[in-house]
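Everything below concerns the one structure shown next.
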Amino acid sequence: MKTWEILYIVVLLAGLMIGWQVNVYLAVAFIWALIILLELYDARKSKSHGQGQGHNLD
Amino acid sequence: MDGLIEIIVLLAGFFVAWNIGANDTSNCVGAGIGARIISYRRAIMIVVLFFLLGAMLEGWKNMKTVGEGIITPGPSGVNPISAVPLATVAALIAAGVWVLLATVFGLPISTSHSMIGAVIGLGFLINLTHPGLGAGIQYDKLVAIFASWLLNPGMAALCAFLIFKLVSPLLRRIKNLILFNQVLIVLIIAASAYGAYAIGANDVGTSTGLINKFFGGAPQIVALFGAVALSIGSITFSRRVIQTVGGGITVLDSVGAFSAQLGSAFTIWFFVQFGIPVSTSHAIVGAVIGAGLVKGTAAVSTKKLRHIVLAWILTPIVACALSFAIGWILLGVMG
């Protein structure tokens, strides 16, 4: 598996735990925020390396 | 023992939703990936975000149909799905196993048909083994569902065809090639997001309806559970079916990919409004054909279509039989 795939799964499972223990809507917000941040980070990192569309975490 | 059964139901439910995610991701982003408009990774990001939204906002509609609309309690008022937990586990396993087999062979089968078939098998089994519960099967609801299944691919094809006819001349007016590509990318991403939303609502409801009923109704956390399982399925196991939908059925151009995506998304969402779980695979294959027909029938691979149609017909029958057989064995061994 690629790194980004593992990170996505970790974020999703962590979100499920938050939903179970705290609040379902907080869990959805958590998953949305982390995945978007992950993509922004990767796109920025790729741009600084001149690779176009981000796949540094692949 | 009760705690163990609950864990098994959750695991079986996760297995079903994971399978459905693996099989149905192609239905909202396959055409876009096939037309090389969007990368696999970006597509998965959109899928995950919008599966969650669709599941949370509208997943309860199909959840109600699958959990309460087909098998109804008898005069005693006892919930048959909770009363015979091993049969419920069997139904979930049957639906999941059949979807898994189809995914391994790269066939975009109907996951909704698989689940509905398994629920019908569950109903037959409960009636046979626990007649005292007096559980009923709502045949009028099933007739409405079967009618929608027939209507679904045709409606998706028509929508995709009309969208193509409407959008194509508008896009042709854009003379700047760079602007044209940018507009197209935005349109396809928006259609994929809408598709993921509609599939999230349709599939999460379908895959977790039994779990929701089993645990006595906590639809929001069940929807989150289903959406997470669906997303993990799409991350880990969706590439093969995407290859079939994206390039195997017909070679779509970018406008065709957009039309197919939007046409199928609208069709799925339309049926969700009535709480009818439809096949997202039927919708996208119908829509891909509708968009492909603009180029003439030669663009559609008939051999691939024959395999898909065969899987469509077999799916509810096999899932029903599997659900009944696995449940019969489980009840015999452990019941």
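We label chains A, B, ... in the order they appear in the structure tokens, count residues from 1 in each chain, and number ligands from 1 in the order shown.
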
Using only C-alpha atoms, select each residue of chain B with any atom at most 9 Å away from an atom of chain A, and give the selection as a PDB file with N, CA and C atoms, in the first residue's frame.
```
ATOM      1  N   SER B  39      -6.636  12.225 -11.425  1.00  0.00           N
ATOM      2  CA  SER B  39      -5.768  11.113 -11.004  1.00  0.00           C
ATOM      3  C   SER B  39      -6.520  10.214 -10.017  1.00  0.00           C
ATOM      4  N   ARG B  41      -5.585   9.174  -7.109  1.00  0.00           N
ATOM      5  CA  ARG B  41      -5.514   9.665  -5.734  1.00  0.00           C
ATOM      6  C   ARG B  41      -6.495  10.810  -5.463  1.00  0.00           C
ATOM      7  N   ARG B  42      -6.547  11.772  -6.393  1.00  0.00           N
ATOM      8  CA  ARG B  42      -7.487  12.900  -6.221  1.00  0.00           C
ATOM      9  C   ARG B  42      -8.930  12.382  -6.221  1.00  0.00           C
ATOM     10  N   MET B  45      -9.799  10.997  -2.886  1.00  0.00           N
ATOM     11  CA  MET B  45     -10.019  12.070  -1.902  1.00  0.00           C
ATOM     12  C   MET B  45     -11.471  12.573  -2.010  1.00  0.00           C
ATOM     13  N   VAL B  48     -13.991   9.942  -0.670  1.00  0.00           N
ATOM     14  CA  VAL B  48     -14.052   9.837   0.797  1.00  0.00           C
ATOM     15  C   VAL B  48     -14.853  11.008   1.384  1.00  0.00           C
ATOM     16  N   LEU B  49     -14.524  12.231   0.939  1.00  0.00           N
ATOM     17  CA  LEU B  49     -15.191  13.410   1.505  1.00  0.00           C
ATOM     18  C   LEU B  49     -16.705  13.375   1.250  1.00  0.00           C
ATOM     19  N   LEU B  52     -18.946  10.536   2.930  1.00  0.00           N
ATOM     20  CA  LEU B  52     -19.296  10.908   4.307  1.00  0.00           C
ATOM     21  C   LEU B  52     -20.515  11.822   4.336  1.00  0.00           C
ATOM     22  N   LEU B  53     -20.485  12.841   3.462  1.00  0.00           N
ATOM     23  CA  LEU B  53     -21.600  13.794   3.447  1.00  0.00           C
ATOM     24  C   LEU B  53     -22.912  13.111   3.082  1.00  0.00           C
ATOM     25  N   MET B  56     -24.193  10.844   5.887  1.00  0.00           N
ATOM     26  CA  MET B  56     -24.693  11.529   7.077  1.00  0.00           C
ATOM     27  C   MET B  56     -26.013  12.256   6.810  1.00  0.00           C
ATOM     28  N   GLN B 220     -27.163   7.824  12.987  1.00  0.00           N
ATOM     29  CA  GLN B 220     -26.028   8.691  12.667  1.00  0.00           C
ATOM     30  C   GLN B 220     -24.689   7.980  12.841  1.00  0.00           C
ATOM     31  N   ILE B 221     -24.521   7.300  13.957  1.00  0.00           N
ATOM     32  CA  ILE B 221     -23.251   6.608  14.177  1.00  0.00           C
ATOM     33  C   ILE B 221     -23.138   5.406  13.223  1.00  0.00           C
ATOM     34  N   LEU B 224     -22.013   6.832   9.958  1.00  0.00           N
ATOM     35  CA  LEU B 224     -20.571   7.116   9.989  1.00  0.00           C
ATOM     36  C   LEU B 224     -19.769   5.830   9.851  1.00  0.00           C
ATOM     37  N   PHE B 225     -20.195   4.808  10.574  1.00  0.00           N
ATOM     38  CA  PHE B 225     -19.550   3.499  10.503  1.00  0.00           C
ATOM     39  C   PHE B 225     -19.562   2.986   9.051  1.00  0.00           C
ATOM     40  N   VAL B 228     -17.241   5.087   6.733  1.00  0.00           N
ATOM     41  CA  VAL B 228     -15.813   4.783   6.951  1.00  0.00           C
ATOM     42  C   VAL B 228     -15.464   3.447   6.292  1.00  0.00           C
ATOM     43  N   ALA B 229     -16.323   2.444   6.478  1.00  0.00           N
ATOM     44  CA  ALA B 229     -16.065   1.133   5.866  1.00  0.00           C
ATOM     45  C   ALA B 229     -16.071   1.236   4.340  1.00  0.00           C
ATOM     46  N   SER B 231     -15.412   3.895   2.562  1.00  0.00           N
ATOM     47  CA  SER B 231     -14.220   4.644   2.128  1.00  0.00           C
ATOM     48  C   SER B 231     -12.989   3.751   2.162  1.00  0.00           C
ATOM     49  N   ILE B 232     -12.856   2.934   3.199  1.00  0.00           N
ATOM     50  CA  ILE B 232     -11.691   2.046   3.284  1.00  0.00           C
ATOM     51  C   ILE B 232     -11.730   1.031   2.135  1.00  0.00           C
ATOM     52  N   ILE B 235     -10.443   2.811  -0.905  1.00  0.00           N
ATOM     53  CA  ILE B 235      -8.997   3.066  -0.859  1.00  0.00           C
ATOM     54  C   ILE B 235      -8.216   1.779  -1.158  1.00  0.00           C
ATOM     55  N   THR B 236      -8.687   0.676  -0.609  1.00  0.00           N
ATOM     56  CA  THR B 236      -7.871  -0.538  -0.657  1.00  0.00           C
ATOM     57  C   THR B 236      -8.121  -1.429  -1.874  1.00  0.00           C
TER      58      THR B 236
END
```

field: Who sits within 12 Å of Phe164 of chain B, only C-alpha atoms, same chain under 4 positions skipped, as an MDAnalysis selection string
entry: chainID B and resid 157:160 168:172 252:263 287:295

Go ahead and dump the residues you just picked, C-alpha atoms, as a PDB file, in the first residue's frame.
```
ATOM      1  CA  ALA B 157     -28.716   6.478 -20.166  1.00  0.00           C
ATOM      2  CA  LEU B 158     -31.334   9.028 -21.157  1.00  0.00           C
ATOM      3  CA  CYS B 159     -29.992  11.610 -18.680  1.00  0.00           C
ATOM      4  CA  ALA B 160     -26.404  11.118 -19.880  1.00  0.00           C
ATOM      5  CA  SER B 168     -21.442  19.621 -25.921  1.00  0.00           C
ATOM      6  CA  PRO B 169     -22.525  22.612 -28.110  1.00  0.00           C
ATOM      7  CA  LEU B 170     -22.030  25.006 -25.172  1.00  0.00           C
ATOM      8  CA  LEU B 171     -18.504  23.775 -24.535  1.00  0.00           C
ATOM      9  CA  ARG B 172     -17.667  23.943 -28.238  1.00  0.00           C
ATOM     10  CA  LEU B 252     -15.292   8.014 -23.582  1.00  0.00           C
ATOM     11  CA  ASP B 253     -14.027  11.462 -24.378  1.00  0.00           C
ATOM     12  CA  SER B 254     -14.012  14.123 -21.667  1.00  0.00           C
ATOM     13  CA  VAL B 255     -17.487  15.526 -22.376  1.00  0.00           C
ATOM     14  CA  GLY B 256     -18.836  11.965 -22.484  1.00  0.00           C
ATOM     15  CA  ALA B 257     -17.217  11.203 -19.119  1.00  0.00           C
ATOM     16  CA  PHE B 258     -18.831  14.277 -17.584  1.00  0.00           C
ATOM     17  CA  SER B 259     -22.254  13.450 -19.045  1.00  0.00           C
ATOM     18  CA  ALA B 260     -22.078   9.848 -17.817  1.00  0.00           C
ATOM     19  CA  GLN B 261     -21.011  10.913 -14.345  1.00  0.00           C
ATOM     20  CA  LEU B 262     -23.688  13.572 -13.935  1.00  0.00           C
ATOM     21  CA  GLY B 263     -26.448  11.470 -15.523  1.00  0.00           C
ATOM     22  CA  ALA B 287     -25.034   6.353 -18.402  1.00  0.00           C
ATOM     23  CA  VAL B 288     -21.749   5.310 -20.045  1.00  0.00           C
ATOM     24  CA  ILE B 289     -23.772   3.600 -22.793  1.00  0.00           C
ATOM     25  CA  GLY B 290     -26.015   6.676 -23.129  1.00  0.00           C
ATOM     26  CA  ALA B 291     -22.984   8.911 -23.579  1.00  0.00           C
ATOM     27  CA  GLY B 292     -21.312   6.305 -25.822  1.00  0.00           C
ATOM     28  CA  LEU B 293     -24.385   6.080 -28.073  1.00  0.00           C
ATOM     29  CA  VAL B 294     -23.743   9.633 -29.206  1.00  0.00           C
ATOM     30  CA  LYS B 295     -20.780   8.156 -31.067  1.00  0.00           C
TER      31      LYS B 295
END
```

Going by DSSP on the backbone, which bits of segment 131-331 of chain B are alpha helix (DSSP H)? Write them as a compact mmCIF listing (two decimals) with C-alpha atoms, in the first residue's frame, please.
```txt
# COMPACT_ATOMS: atom_id res chain seq x y z
CA TYR B 139 -44.03 -7.84 -1.54
CA ASP B 140 -45.55 -4.54 -2.68
CA LYS B 141 -42.36 -2.76 -1.59
CA LEU B 142 -40.30 -5.37 -3.43
CA VAL B 143 -42.33 -4.81 -6.60
CA ALA B 144 -41.61 -1.07 -6.39
CA ILE B 145 -37.90 -1.82 -5.89
CA PHE B 146 -37.76 -4.28 -8.81
CA ALA B 147 -39.57 -1.77 -11.07
CA SER B 148 -37.01 0.89 -10.14
CA TRP B 149 -34.20 -1.52 -10.96
CA LEU B 150 -35.57 -1.85 -14.50
CA LEU B 151 -36.09 1.89 -14.84
CA ASN B 152 -32.70 2.88 -13.40
CA PRO B 153 -30.23 2.11 -16.26
CA GLY B 154 -32.60 3.47 -18.91
CA MET B 155 -33.13 6.70 -16.99
CA ALA B 156 -29.37 7.09 -16.45
CA ALA B 157 -28.72 6.48 -20.17
CA LEU B 158 -31.33 9.03 -21.16
CA CYS B 159 -29.99 11.61 -18.68
CA ALA B 160 -26.40 11.12 -19.88
CA PHE B 161 -27.48 11.33 -23.52
CA LEU B 162 -29.46 14.55 -22.94
CA ILE B 163 -26.68 16.13 -20.86
CA PHE B 164 -24.18 15.33 -23.61
CA LYS B 165 -26.44 16.86 -26.28
CA LEU B 166 -27.00 19.95 -24.12
CA VAL B 167 -23.47 20.57 -22.85
CA SER B 168 -21.44 19.62 -25.92
CA PRO B 169 -22.52 22.61 -28.11
CA LEU B 170 -22.03 25.01 -25.17
CA LEU B 171 -18.50 23.77 -24.53
CA ARG B 172 -17.67 23.94 -28.24
CA LEU B 177 -8.10 25.30 -25.42
CA ILE B 178 -6.63 25.94 -21.97
CA LEU B 179 -9.89 27.48 -20.73
CA PHE B 180 -11.84 24.61 -22.30
CA ASN B 181 -9.77 22.05 -20.38
CA GLN B 182 -10.08 23.97 -17.13
CA VAL B 183 -13.89 24.21 -17.44
CA LEU B 184 -14.08 20.51 -18.23
CA ILE B 185 -11.93 19.52 -15.25
CA VAL B 186 -14.12 21.60 -12.90
CA LEU B 187 -17.29 20.07 -14.37
CA ILE B 188 -16.03 16.51 -14.05
CA ILE B 189 -14.80 17.01 -10.50
CA ALA B 190 -18.16 18.54 -9.54
CA ALA B 191 -20.05 15.65 -11.17
CA SER B 192 -17.80 13.10 -9.43
CA ALA B 193 -18.41 14.78 -6.08
CA TYR B 194 -22.17 14.74 -6.67
CA GLY B 195 -21.88 11.10 -7.72
CA ALA B 196 -19.96 10.21 -4.55
CA TYR B 197 -22.58 12.04 -2.47
CA ALA B 198 -25.43 10.13 -4.13
CA ILE B 199 -23.60 6.81 -3.81
CA GLY B 200 -22.77 7.55 -0.16
CA ALA B 201 -26.48 8.10 0.54
CA ASN B 202 -27.58 5.07 -1.49
CA ASP B 203 -24.92 2.55 -0.47
CA VAL B 204 -24.47 3.40 3.18
CA GLY B 205 -28.20 3.09 3.69
CA THR B 206 -28.25 -0.18 1.78
CA SER B 207 -25.25 -1.74 3.49
CA THR B 208 -26.07 -0.68 7.05
CA GLY B 209 -29.87 -0.90 7.14
CA LEU B 210 -29.75 -4.32 8.80
CA ILE B 211 -27.12 -3.19 11.34
CA ASN B 212 -29.17 -0.14 12.25
CA LYS B 213 -32.26 -2.27 12.83
CA PHE B 214 -30.25 -4.90 14.70
CA PRO B 219 -28.70 5.98 12.43
CA GLN B 220 -26.03 8.69 12.67
CA ILE B 221 -23.25 6.61 14.18
CA VAL B 222 -24.27 3.68 11.96
CA ALA B 223 -24.06 6.00 8.92
CA LEU B 224 -20.57 7.12 9.99
CA PHE B 225 -19.55 3.50 10.50
CA GLY B 226 -20.85 2.61 7.03
CA ALA B 227 -19.19 5.60 5.36
CA VAL B 228 -15.81 4.78 6.95
CA ALA B 229 -16.07 1.13 5.87
CA LEU B 230 -17.14 2.19 2.37
CA SER B 231 -14.22 4.64 2.13
CA ILE B 232 -11.69 2.05 3.28
CA GLY B 233 -13.07 -0.31 0.62
CA SER B 234 -12.55 2.31 -2.04
CA ILE B 235 -9.00 3.07 -0.86
CA THR B 236 -7.87 -0.54 -0.66
CA PHE B 237 -9.62 -2.44 -3.42
CA ARG B 239 -8.63 -0.10 -8.86
CA ARG B 240 -9.67 -3.20 -10.82
CA VAL B 241 -13.34 -2.25 -11.26
CA ILE B 242 -12.33 1.31 -12.12
CA GLN B 243 -10.35 -0.10 -15.05
CA SER B 254 -14.01 14.12 -21.67
CA VAL B 255 -17.49 15.53 -22.38
CA GLY B 256 -18.84 11.97 -22.48
CA ALA B 257 -17.22 11.20 -19.12
CA PHE B 258 -18.83 14.28 -17.58
CA SER B 259 -22.25 13.45 -19.04
CA ALA B 260 -22.08 9.85 -17.82
CA GLN B 261 -21.01 10.91 -14.34
CA LEU B 262 -23.69 13.57 -13.93
CA GLY B 263 -26.45 11.47 -15.52
CA SER B 264 -25.81 8.52 -13.23
CA ALA B 265 -25.39 10.70 -10.14
CA PHE B 266 -28.73 12.42 -10.71
CA THR B 267 -30.48 9.09 -11.31
CA ILE B 268 -29.13 7.51 -8.10
CA TRP B 269 -29.97 10.61 -6.05
CA PHE B 270 -33.48 10.69 -7.57
CA PHE B 271 -34.22 7.16 -6.31
CA VAL B 272 -32.68 7.85 -2.89
CA THR B 280 -25.19 2.39 -8.81
CA SER B 281 -23.47 0.00 -11.21
CA HIS B 282 -26.58 -0.15 -13.42
CA ALA B 283 -26.79 3.63 -13.38
CA ILE B 284 -23.19 4.23 -14.45
CA VAL B 285 -23.14 1.46 -17.05
CA GLY B 286 -26.43 2.83 -18.45
CA ALA B 287 -25.03 6.35 -18.40
CA VAL B 288 -21.75 5.31 -20.05
CA ILE B 289 -23.77 3.60 -22.79
CA GLY B 290 -26.02 6.68 -23.13
CA ALA B 291 -22.98 8.91 -23.58
CA GLY B 292 -21.31 6.31 -25.82
CA LEU B 293 -24.38 6.08 -28.07
CA THR B 302 -20.97 -5.89 -26.35
CA LYS B 303 -18.89 -8.77 -24.95
CA LYS B 304 -18.20 -6.85 -21.75
CA LEU B 305 -21.85 -5.83 -21.56
CA ARG B 306 -23.01 -9.46 -21.86
CA HIS B 307 -20.88 -10.40 -18.83
CA ILE B 308 -22.25 -7.46 -16.86
CA VAL B 309 -25.90 -8.21 -17.73
CA LEU B 310 -25.40 -11.85 -16.68
CA ALA B 311 -23.98 -10.70 -13.34
CA TRP B 312 -26.94 -8.33 -12.90
CA ILE B 313 -29.47 -11.16 -13.36
CA LEU B 314 -27.56 -13.60 -11.17
CA THR B 315 -26.88 -11.16 -8.32
CA PRO B 316 -30.21 -11.04 -6.43
CA ILE B 317 -30.85 -14.76 -7.00
CA VAL B 318 -27.39 -15.87 -5.83
CA ALA B 319 -27.40 -13.48 -2.84
CA CYS B 320 -30.87 -14.69 -1.77
CA ALA B 321 -29.83 -18.36 -2.05
CA LEU B 322 -26.49 -17.74 -0.29
CA SER B 323 -28.17 -15.82 2.53
CA PHE B 324 -30.68 -18.62 3.08
CA ALA B 325 -28.06 -21.39 2.86
CA ILE B 326 -25.47 -19.74 5.13
CA GLY B 327 -28.19 -18.84 7.63
CA TRP B 328 -29.56 -22.38 7.56
CA ILE B 329 -26.08 -23.77 8.27
CA LEU B 330 -25.32 -21.21 11.02
CA LEU B 331 -28.66 -21.84 12.74
```

statement: The distance between atom CA of Lys45 of chain A and atom CA of Ala22 of chain B is 29.1 Å

Run DSSP on the backbone and tell me which residues of segment 13-152 of chain B come out as strand (DSSP E); list them as a compact mmCIF listing (two decimals) with C-alpha atoms, in the first residue's frame.
```txt
# COMPACT_ATOMS: atom_id res chain seq x y z
CA ILE B 71 -39.14 -7.58 6.60
CA THR B 72 -41.78 -6.37 9.03
CA GLY B 136 -43.91 -10.51 7.01
CA ILE B 137 -42.22 -9.81 3.69
```
